[in-house]
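Enquirer: Please read through the structure below; I'll follow up with questions.
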Amino acid sequence: MKQKGTLLSIQPNPELRIEDTDQHIASSIETPLKPGAFDTDDEEKIEKIEKHFREIMDILGLDLNDDSLRGTPLRVAKMFVTEIFSGLDPKNKPQVTLFENKFKYNEMLVEKDITFYSSCEHHFVPIIGKAHVAYISNGKIIGLSKINRIVQYFAKRPQVQERLTIQIAHELKKKLETEDVGVVIDASHLCVSSRGVGDTNSTTGTAYFSGQFKAKKVKKEFLDFINCK
């Protein structure tokens with residue numbers, strides 16, 4: 001049976017500093033980016049990454065003349081830029097259209113079991129998990145697919161789970177113009193299971209509650225939604 005990890009409740013503090021068990025420190029809720037990070041276009045990034053990844057493979061002793069490996073540096077470079085790290089570039093942020101809450105639905109809306117794939121920024125290996133998101137309308141509602149897209153956008157970058165949780169919550173609060181947002185994430189980290197301690201059973205849970213979701217009754221309702229079949 002899979003052993004669930006501890007659920008970490010994260011409060012809305014933009015200056016939050018989080019320390020993990022390896023003493024890595026996240027300086028803020030923003031993904032660390034250097035100045036001019038997007039001055040280079042995607043094609044040039046792919047070209048540079050291909051060159052450097054080719055060197056890495058060569059250092060590891062792999063035969064790049066082999067037909068199975070010859071195209072790997074380019075494939076990896078394209079994958080980094082256009083897929084698994086595409087959430088770094090603001091041009092890929094989902095465009096969100098809001099609708100008036102004409103039906104006066106004033107209860108929470110829950111979108112659960114949103115599957116995402118991210119990458120640990122400490123070891124660049126996968127984080128695989130599910131996000132559960134809820135909000136209470138402040139007069140506007142969002143298309144359901146946009147919630148999934150917001151999760152995917154922030155997941156597709158080097159991440160720590162705590163920051164990912166907060167970034168999703170802050171984006172929803174900003175777009176929906178409401179404080180009433182809850183986010184829970186449960187994920188497996190391959191930096192734990194495939195290396196280091198090699199624990200394949202544990203998962204990590206993080207949570208963010210703001211506005212009405214900080215009330216015990218509302219929080220319980222949200223968590224009950226997540227756990228119901």
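Naming scheme: A, B, ... for chains in displayed order of the structure tokens; residues 1 onward per chain; ligands 1 onward as shown.
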Taking a cut-off of 10 Å and counting only C-alpha atoms, can you build a table that, for each residue of region 91-143 of chain A near region 202-216 of chain A, reports the nearest atom pair and how far apart they are in Å (one decimal), sorted by chain then residue number, as CSV?

Expert:
residue,atom,partner,partner_atom,distance
A:Met108,CA,A:Phe213,CA,9.4
A:Ile128,CA,A:Thr203,CA,9.7
A:Gly129,CA,A:Thr203,CA,8.9
A:Lys130,CA,A:Gly205,CA,9.8
A:Ala131,CA,A:Thr206,CA,9.6
A:His132,CA,A:Ala207,CA,9.3
A:Val133,CA,A:Tyr208,CA,9.6
A:Ala134,CA,A:Phe213,CA,9.0
A:Tyr135,CA,A:Phe213,CA,8.5
A:Ile136,CA,A:Gln212,CA,8.3

Enquirer: Looking only at the backbone, which of the residues in region 93-211 of chain A does DSSP tag as strand (DSSP E), as a VMD selection string?

Expert: chain A and resid 98 to 100 108 to 120 126 to 136 140 to 142 158 to 159 181 to 189 204 to 209

Enquirer: Keeping only C-alpha atoms, take the residues you just selected and write them out as a compact mmCIF listing (two decimals), in the first residue's frame.

Expert:
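Written out: result_28.txt:
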# COMPACT_ATOMS: atom_id res chain seq x y z
CA LEU A 98 -13.82 34.84 -17.51
CA PHE A 99 -17.58 34.62 -17.63
CA GLU A 100 -20.22 36.33 -15.55
CA MET A 108 -17.15 26.06 -4.14
CA LEU A 109 -16.16 24.65 -7.51
CA VAL A 110 -13.64 21.82 -7.33
CA GLU A 111 -11.47 20.55 -10.18
CA LYS A 112 -9.69 17.48 -8.83
CA ASP A 113 -7.17 14.90 -10.04
CA ILE A 114 -5.44 17.21 -12.51
CA THR A 115 -2.46 15.12 -13.62
CA PHE A 116 0.78 17.04 -14.10
CA TYR A 117 4.41 16.33 -14.87
CA SER A 118 7.08 18.66 -13.59
CA SER A 119 10.83 18.55 -12.95
CA CYS A 120 12.73 18.83 -9.69
CA PRO A 126 10.50 14.16 -12.89
CA ILE A 127 7.86 15.11 -10.36
CA ILE A 128 4.60 13.30 -11.15
CA GLY A 129 1.44 14.25 -9.33
CA LYS A 130 -2.14 15.38 -9.13
CA ALA A 131 -3.42 18.85 -8.32
CA HIS A 132 -6.81 19.57 -6.76
CA VAL A 133 -8.05 23.13 -7.17
CA ALA A 134 -11.12 24.90 -5.78
CA TYR A 135 -12.50 28.42 -5.71
CA ILE A 136 -15.63 30.30 -4.71
CA LYS A 140 -16.80 35.63 -12.28
CA ILE A 141 -16.20 32.04 -13.32
CA ILE A 142 -13.41 30.46 -15.35
CA PRO A 158 12.11 23.34 -12.95
CA GLN A 159 10.16 23.37 -9.70
CA VAL A 181 -8.98 29.69 -3.38
CA GLY A 182 -7.72 26.28 -2.28
CA VAL A 183 -5.00 24.16 -3.87
CA VAL A 184 -3.80 20.70 -2.78
CA ILE A 185 -1.03 18.78 -4.54
CA ASP A 186 0.04 15.17 -4.03
CA ALA A 187 3.12 14.10 -5.96
CA SER A 188 5.89 11.54 -6.31
CA HIS A 189 9.43 12.84 -6.67
CA THR A 204 4.60 14.58 -0.83
CA GLY A 205 1.54 16.67 -0.10
CA THR A 206 1.28 20.46 -0.11
CA ALA A 207 -1.70 22.74 0.37
CA TYR A 208 -2.62 26.41 0.06
CA PHE A 209 -5.79 27.84 1.60

Enquirer: For each of A:Leu144, A:Ile29, A:Val96, A:Cys191, take the minimum atom-to-atom distance to Ile168 (chain A), counting only C-alpha atoms, then give the residue where this is smallest.

Expert: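 For Ile168 (chain A), the nearest of the given residues is A:Ile29.
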
Enquirer: When you draw a straight line from CA of Lys93 (chain A) to CA of Leu176 (chain A), how long is it in Å?

Expert: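 So the answer is 15.5 Å.
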
Enquirer: Please identify all polymer residues within 12 Å of Val76 (chain A), counting only C-alpha atoms, omitting same-chain residues fewer than 4 positions from it, and present them as a PyMOL selection string.

Expert: chain A and resi 45-54+56-57+69-72+80-85

Enquirer: Using only C-alpha atoms, which of A:Val125, A:Ile147, A:Leu74, A:Val160 sits nearest Thr97 (chain A)?

Expert: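 When distances to Thr97 (chain A) are compared using only C-alpha atoms, the smallest one comes from A:Ile147.
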
Enquirer: What is the CA of Phe225 (chain A)-CA of Leu190 (chain A) distance in Å, reported with one decimal?

Expert: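 Rounded to one decimal, the two atoms are 27.8 Å apart.
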